[in-house]
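*Asks:* Before I ask anything, here is the structure I am working with.
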Amino acid sequence: MDVADTLGSLVDKSLVVAAPGPDGMRYRLLETVGEYAAERLAEAGDDRDATGRRHLVHYRELARTSDPLLRGRRQRAVAERLATEYENLRTALRRAVTTRDADEALCLVHSLGWYWHLHDQRTESRHWAEAVAALGPNPFTAPVVPAEPVYGQLVDAPPPYSGEVLTEAWRALHLVRLAARDQTNKDWDDPEVRALVDGVIAAYRPGLPQTCRTPASLWIYAVMIAGEAGLLKRVVDATVDTARTLGHRWELASALQLRANILANRADWAGDASRDADESLDLFRELGDDWGCAEALSARAESRERRGEHALAARDYREAIAYAERLGAKAQVTVLRVRMAGALTETGEMAEAERILTEITATVQRFGNEAMPAARMFLAGILGRTGRIAEARIQIQVLREEFAYGAYAIFDVFLLATTAWLDNQDGRYEDALQRIREAAAAFRHPLALMVAPHLPATFLLTAAVSLVSPGGPQRAHDGARLLGAHRALLPPDHVPVTTEREDFAFAEKQARSALGDAAYEAAYAEGGGLTLEEATALV
């Protein structure tokens, strides 16, 4: 049978609809014709299963062979092809799950994983990972067998699979589940998640070849949830070293970008975030990976923000946005614009920052990332700094309505910090102190300390402002001690943002005025010797 002639004949008879697509003509059946064809196919018995199998294999191969191409110059064209064929890919996934064909299902999930990540399709990733997980074992369930080195990837070859490669595919699947779940505060200490985290850490060790590549590189989520800073440092350093030794250039670029992101917030670690970001950017540019270039520039921008180089950071964010726009990664563009607005706020360009954030918050976002909550918090900060407290509180209220408490890991801690700061701006000092007490457990959580080690000190500064402000509790001695604790507990080389500098100067002036210089200095020195728990008890 000549397929082209047959299709042409069916189009002429209006039984098939033809329409131009990105790669030529595409054909679809009318709904009634499709239903009739499905009935006839069902009557054909074995032909239905055979046809479904051919469909599954064809689209599995499309996904599998496309995956490596999403990490280079062809990533946009390949991503557009996958988007065009996505309903067929979902149909293939459904068939693999329904027929309990675990090998095919694993191959499809791991082949589509990076596509889902690029387009922030976290819901799809979570749904299919959960569905496929029901088909086979969880290698992270006790007793855990330590992983052996695996140099190849599941998507290197079509099914069937066996041996350590198959076991690694099941490990990787459960890492995808963990990464998709790690968005809520309730997951931090959920017994099921903690058991999974323990199993991941028991199975892997720093420097395994598979942990340098996606999806096994997702084991970093388990390390972060465990809150072991020393292990996290060993993991990121070993990942960079192993990727470099194996000559995996894309994986090295990705590992350097990750380490740059972490180093930007960990000035107490040896390393140079900007240097890592620069090397990552060079590699991604050589590879022609627009997504990677945007992420490397964002990491460099964040490291510059932490050094107080906000104008340079804003420039990096602008360049990163251009790369993400070229790729068509709308979710990535939105996140980068929010981060750029934060940098612009520190350069005095608050009107431009407010314009960007207002535009984002006025748009319905269909992404699962942190862009919207961050945009509303940044906007609330701008409104609060410019005396529009009521408008700022509206942003917080909408945020609470849109994102229930616990919507994102760490997010609630930042939200409480912003709200307490706004309470101080509004003269509601007791409310601010109460929020800080509520946040005490959250900002001392190992995961919070891992991601944002400056947060506890920031809360202490906010509490100090509450204690010394006119109309507040007037506990100047405790306020001075909290200022000392704040300064002592900040990470090394921390560069305060504008609101931190203004709050510290205000609280110091008020405390000195109330206590006198000598008493203030004594109380401040005493606070510098307090532990975080002792300082928090003063609130």
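Residues are referred to by chain and number: the chain letter is A, B, ... according to the order shown in the structure tokens, the number counts from 1 in that chain, and ligands are numbered separately from 1 in the order shown.
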Among region 138-295 of chain A, which ones does DSSP assign to alpha helix (DSSP H) (computed from the backbone)? Answer as a ChimeraX atom specification.
*Replies:* /A:163-181,191-203,219-226,229-246,249-264,273-287,290-295
*Asks:* Of the residues A:Leu449, A:Leu433, A:Ala322, A:Ala535, which is the one nearest to Met224 (chain A), using only C-alpha atoms?
*Replies:*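 The shortest atom-to-atom distance to Met224 (chain A) comes from A:Leu449.
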*Asks:* With only C-alpha atoms as the basis for distance, which of A:Ala463, A:Ala301, A:Leu166, A:Ala296 is at the shortest distance from Glu148 (chain A)?
*Replies:* A:Leu166
*Asks:* From a DSSP calculation on the backbone, collect every residue of region 23-267 of chain A in strand (DSSP E or B) and output the set as a ChimeraX atom specification.
*Replies:* /A:24-29
*Asks:* Return the single residue from A:Ala102, A:Ala264, A:Val240, A:Ile382 that is closest to Trp421 (chain A), with distances computed using only C-alpha atoms.
*Replies:* A:Ile382
*Asks:* For Ala79 (chain A), which of A:Leu327, A:Arg171, A:Val338, A:Thr99 is the closest residue, counting only C-alpha atoms?
*Replies:*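 The answer is A:Leu327, which sits nearest to Ala79 (chain A).
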*Asks:* Using only C-alpha atoms, which residues sit within 12 Å of Gly207 (chain A) once same-chain residues fewer than 6 positions away are excluded, as a list in words?
*Replies:*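 Skipping anything fewer than 6 positions along the chain leaves Ala147, Glu148, Pro149, Val150, Tyr151, Arg213, Ala216, Ser217, Trp219, Ile220, Leu231, Leu232, Lys233, Arg234, Val235, Val236, Asp237, Ala238, Thr239, Val240, Asp241, Thr242, Ala243, Arg244, Thr245, Leu246 and Ala255 of chain A.
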*Asks:* What lies within 8 Å of region 491-503 of chain A using only C-alpha atoms, ignoring chain neighbours under 4 positions off, as a PyMOL selection string?
*Replies:* chain A and resi 266-268+306-308+346+453-454+458+461-462+465+507
*Asks:* Would you put the residues from that selection into a file with N, CA, C and O atoms, as an mmCIF file, in the first residue's frame?
*Replies:*
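Result file follows (selection_14.cif):
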data_model
loop_
_atom_site.group_PDB
_atom_site.id
_atom_site.type_symbol
_atom_site.label_atom_id
_atom_site.label_comp_id
_atom_site.auth_asym_id
_atom_site.auth_seq_id
_atom_site.Cartn_x
_atom_site.Cartn_y
_atom_site.Cartn_z
ATOM 1 N N ARG A 266 27.231 30.176 50.222
ATOM 2 C CA ARG A 266 28.076 29.548 51.232
ATOM 3 C C ARG A 266 29.476 30.165 51.172
ATOM 4 O O ARG A 266 30.437 29.546 50.740
ATOM 5 N N ALA A 267 29.573 31.415 51.613
ATOM 6 C CA ALA A 267 30.880 32.080 51.609
ATOM 7 C C ALA A 267 31.857 31.425 52.570
ATOM 8 O O ALA A 267 33.067 31.664 52.507
ATOM 9 N N ASP A 268 31.339 30.560 53.484
ATOM 10 C CA ASP A 268 32.209 29.880 54.437
ATOM 11 C C ASP A 268 32.926 28.694 53.800
ATOM 12 O O ASP A 268 33.821 28.112 54.418
ATOM 13 N N ARG A 306 25.565 38.507 45.978
ATOM 14 C CA ARG A 306 26.038 38.228 47.329
ATOM 15 C C ARG A 306 27.278 39.063 47.684
ATOM 16 O O ARG A 306 27.590 39.254 48.847
ATOM 17 N N ARG A 307 27.979 39.580 46.661
ATOM 18 C CA ARG A 307 29.125 40.452 46.902
ATOM 19 C C ARG A 307 28.748 41.930 46.832
ATOM 20 O O ARG A 307 29.612 42.799 46.932
ATOM 21 N N GLY A 308 27.469 42.201 46.617
ATOM 22 C CA GLY A 308 27.014 43.578 46.539
ATOM 23 C C GLY A 308 27.192 44.202 45.170
ATOM 24 O O GLY A 308 26.998 45.409 45.012
ATOM 25 N N GLU A 346 18.161 46.894 44.315
ATOM 26 C CA GLU A 346 19.363 47.284 45.055
ATOM 27 C C GLU A 346 20.195 48.341 44.319
ATOM 28 O O GLU A 346 21.032 48.990 44.931
ATOM 29 N N PRO A 453 21.714 30.247 54.752
ATOM 30 C CA PRO A 453 22.331 30.308 56.084
ATOM 31 C C PRO A 453 22.240 31.666 56.767
ATOM 32 O O PRO A 453 22.441 31.764 57.975
ATOM 33 N N HIS A 454 21.902 32.722 56.011
ATOM 34 C CA HIS A 454 21.799 34.062 56.607
ATOM 35 C C HIS A 454 20.439 34.314 57.247
ATOM 36 O O HIS A 454 20.282 35.280 57.998
ATOM 37 N N THR A 458 18.917 37.237 59.984
ATOM 38 C CA THR A 458 17.977 38.246 59.487
ATOM 39 C C THR A 458 16.765 38.353 60.390
ATOM 40 O O THR A 458 16.285 39.460 60.695
ATOM 41 N N LEU A 461 17.632 40.338 63.480
ATOM 42 C CA LEU A 461 17.671 41.776 63.221
ATOM 43 C C LEU A 461 16.266 42.365 63.219
ATOM 44 O O LEU A 461 16.024 43.430 63.799
ATOM 45 N N THR A 462 15.340 41.675 62.574
ATOM 46 C CA THR A 462 13.949 42.139 62.562
ATOM 47 C C THR A 462 13.386 42.210 63.975
ATOM 48 O O THR A 462 12.687 43.167 64.341
ATOM 49 N N VAL A 465 14.694 45.299 65.796
ATOM 50 C CA VAL A 465 13.951 46.508 65.413
ATOM 51 C C VAL A 465 12.639 46.573 66.181
ATOM 52 O O VAL A 465 12.248 47.635 66.675
ATOM 53 N N ALA A 507 18.066 50.374 64.429
ATOM 54 C CA ALA A 507 18.011 49.685 65.723
ATOM 55 C C ALA A 507 19.197 50.091 66.599
ATOM 56 O O ALA A 507 19.051 50.283 67.820
#
*Asks:* Write out as a ChimeraX atom specification each polymer residue whose atoms come within 10 Å of region 478-483 of chain A, counting only C-alpha atoms; drop sequence neighbours fewer than 3 positions from it.
*Replies:* /A:457-469,473-475,486-489,504,507-508,510-512,515,519-530,532,534-536,538-539
*Asks:* Keeping C-alpha atoms, export the residues of the selection given above as a CSV table (one decimal), in the first residue's frame.
*Replies:*
chain,number,residue,atom,x,y,z
A,457,ALA,CA,20.4,36.3,61.6
A,458,THR,CA,18.0,38.2,59.5
A,459,PHE,CA,15.1,37.3,61.8
A,460,LEU,CA,17.1,38.4,64.8
A,461,LEU,CA,17.7,41.8,63.2
A,462,THR,CA,13.9,42.1,62.6
A,463,ALA,CA,13.3,41.2,66.2
A,464,ALA,CA,15.8,43.8,67.4
A,465,VAL,CA,14.0,46.5,65.4
A,466,SER,CA,10.7,45.4,67.0
A,467,LEU,CA,12.2,45.6,70.6
A,468,VAL,CA,13.8,49.0,70.3
A,469,SER,CA,11.2,50.9,68.2
A,473,PRO,CA,8.1,46.7,73.9
A,474,GLN,CA,11.1,49.1,74.6
A,475,ARG,CA,13.4,46.2,75.6
A,486,HIS,CA,22.8,39.1,64.4
A,487,ARG,CA,26.2,40.3,63.4
A,488,ALA,CA,28.0,37.3,64.9
A,489,LEU,CA,25.7,34.7,63.3
A,504,PHE,CA,20.6,47.8,61.6
A,507,ALA,CA,18.0,49.7,65.7
A,508,GLU,CA,21.6,50.6,66.8
A,510,GLN,CA,17.5,53.6,69.1
A,511,ALA,CA,19.4,51.2,71.4
A,512,ARG,CA,22.3,53.5,72.0
A,515,LEU,CA,21.1,52.6,77.0
A,519,ALA,CA,25.8,49.9,78.1
A,520,TYR,CA,25.0,49.4,74.5
A,521,GLU,CA,28.5,48.2,73.7
A,522,ALA,CA,28.4,45.8,76.6
A,523,ALA,CA,25.0,44.4,75.6
A,524,TYR,CA,26.1,44.1,72.0
A,525,ALA,CA,29.3,42.2,72.9
A,526,GLU,CA,27.2,39.9,75.1
A,527,GLY,CA,24.9,39.2,72.2
A,528,GLY,CA,27.9,38.3,70.0
A,529,GLY,CA,28.6,35.3,72.3
A,530,LEU,CA,25.1,33.9,72.2
A,532,LEU,CA,21.3,30.9,67.9
A,534,GLU,CA,19.9,31.5,73.2
A,535,ALA,CA,19.4,34.5,70.9
A,536,THR,CA,16.1,33.2,69.7
A,538,LEU,CA,15.2,36.6,73.7
A,539,VAL,CA,12.5,37.2,71.2
*Asks:* Tell me, in Å to one decimal, how far CA of Val78 (chain A) is from CA of Tyr317 (chain A).
*Replies:*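 Spanning CA of Val78 (chain A) to CA of Tyr317 (chain A) is a straight-line distance of 25.4 Å.
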*Asks:* Could you give me, as a tab-separated table, every region 162-241 of chain A residue with an atom at most 8 Å from region 112-124 of chain A, plus its closest atom pair and distance in Å to one decimal, counting only C-alpha atoms, rows ordered by chain then number?
*Replies:*
residue	atom	partner	partner_atom	distance
A:Ala180	CA	A:Arg122	CA	6.3
A:Thr214	CA	A:Trp114	CA	8.0
A:Pro215	CA	A:Gly113	CA	7.7
*Asks:* Could you save those same residues with N, CA, C and O atoms as a tab-separated table (two decimals), in the first residue's frame?
*Replies:*
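So the final result, stored in selection02.tsv, reads:
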chain	number	residue	atom	x	y	z
A	180	ALA	N	10.36	15.81	42.41
A	180	ALA	CA	9.04	16.38	42.14
A	180	ALA	C	8.29	16.67	43.43
A	180	ALA	O	7.52	17.62	43.52
A	214	THR	N	22.15	13.46	34.60
A	214	THR	CA	20.73	13.32	34.91
A	214	THR	C	20.28	11.94	34.45
A	214	THR	O	20.79	11.41	33.44
A	215	PRO	N	19.35	11.32	35.20
A	215	PRO	CA	18.66	11.83	36.38
A	215	PRO	C	19.29	11.46	37.72
A	215	PRO	O	18.83	11.91	38.75
*Asks:* Ranking A:Leu173, A:Arg71, A:Cys293, A:Met350 by minimum distance to Glu251 (chain A) and counting only C-alpha atoms, which one comes first?
*Replies:*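 Nearest candidate to Glu251 (chain A) out of A:Leu173, A:Arg71, A:Cys293, A:Met350: A:Arg71.
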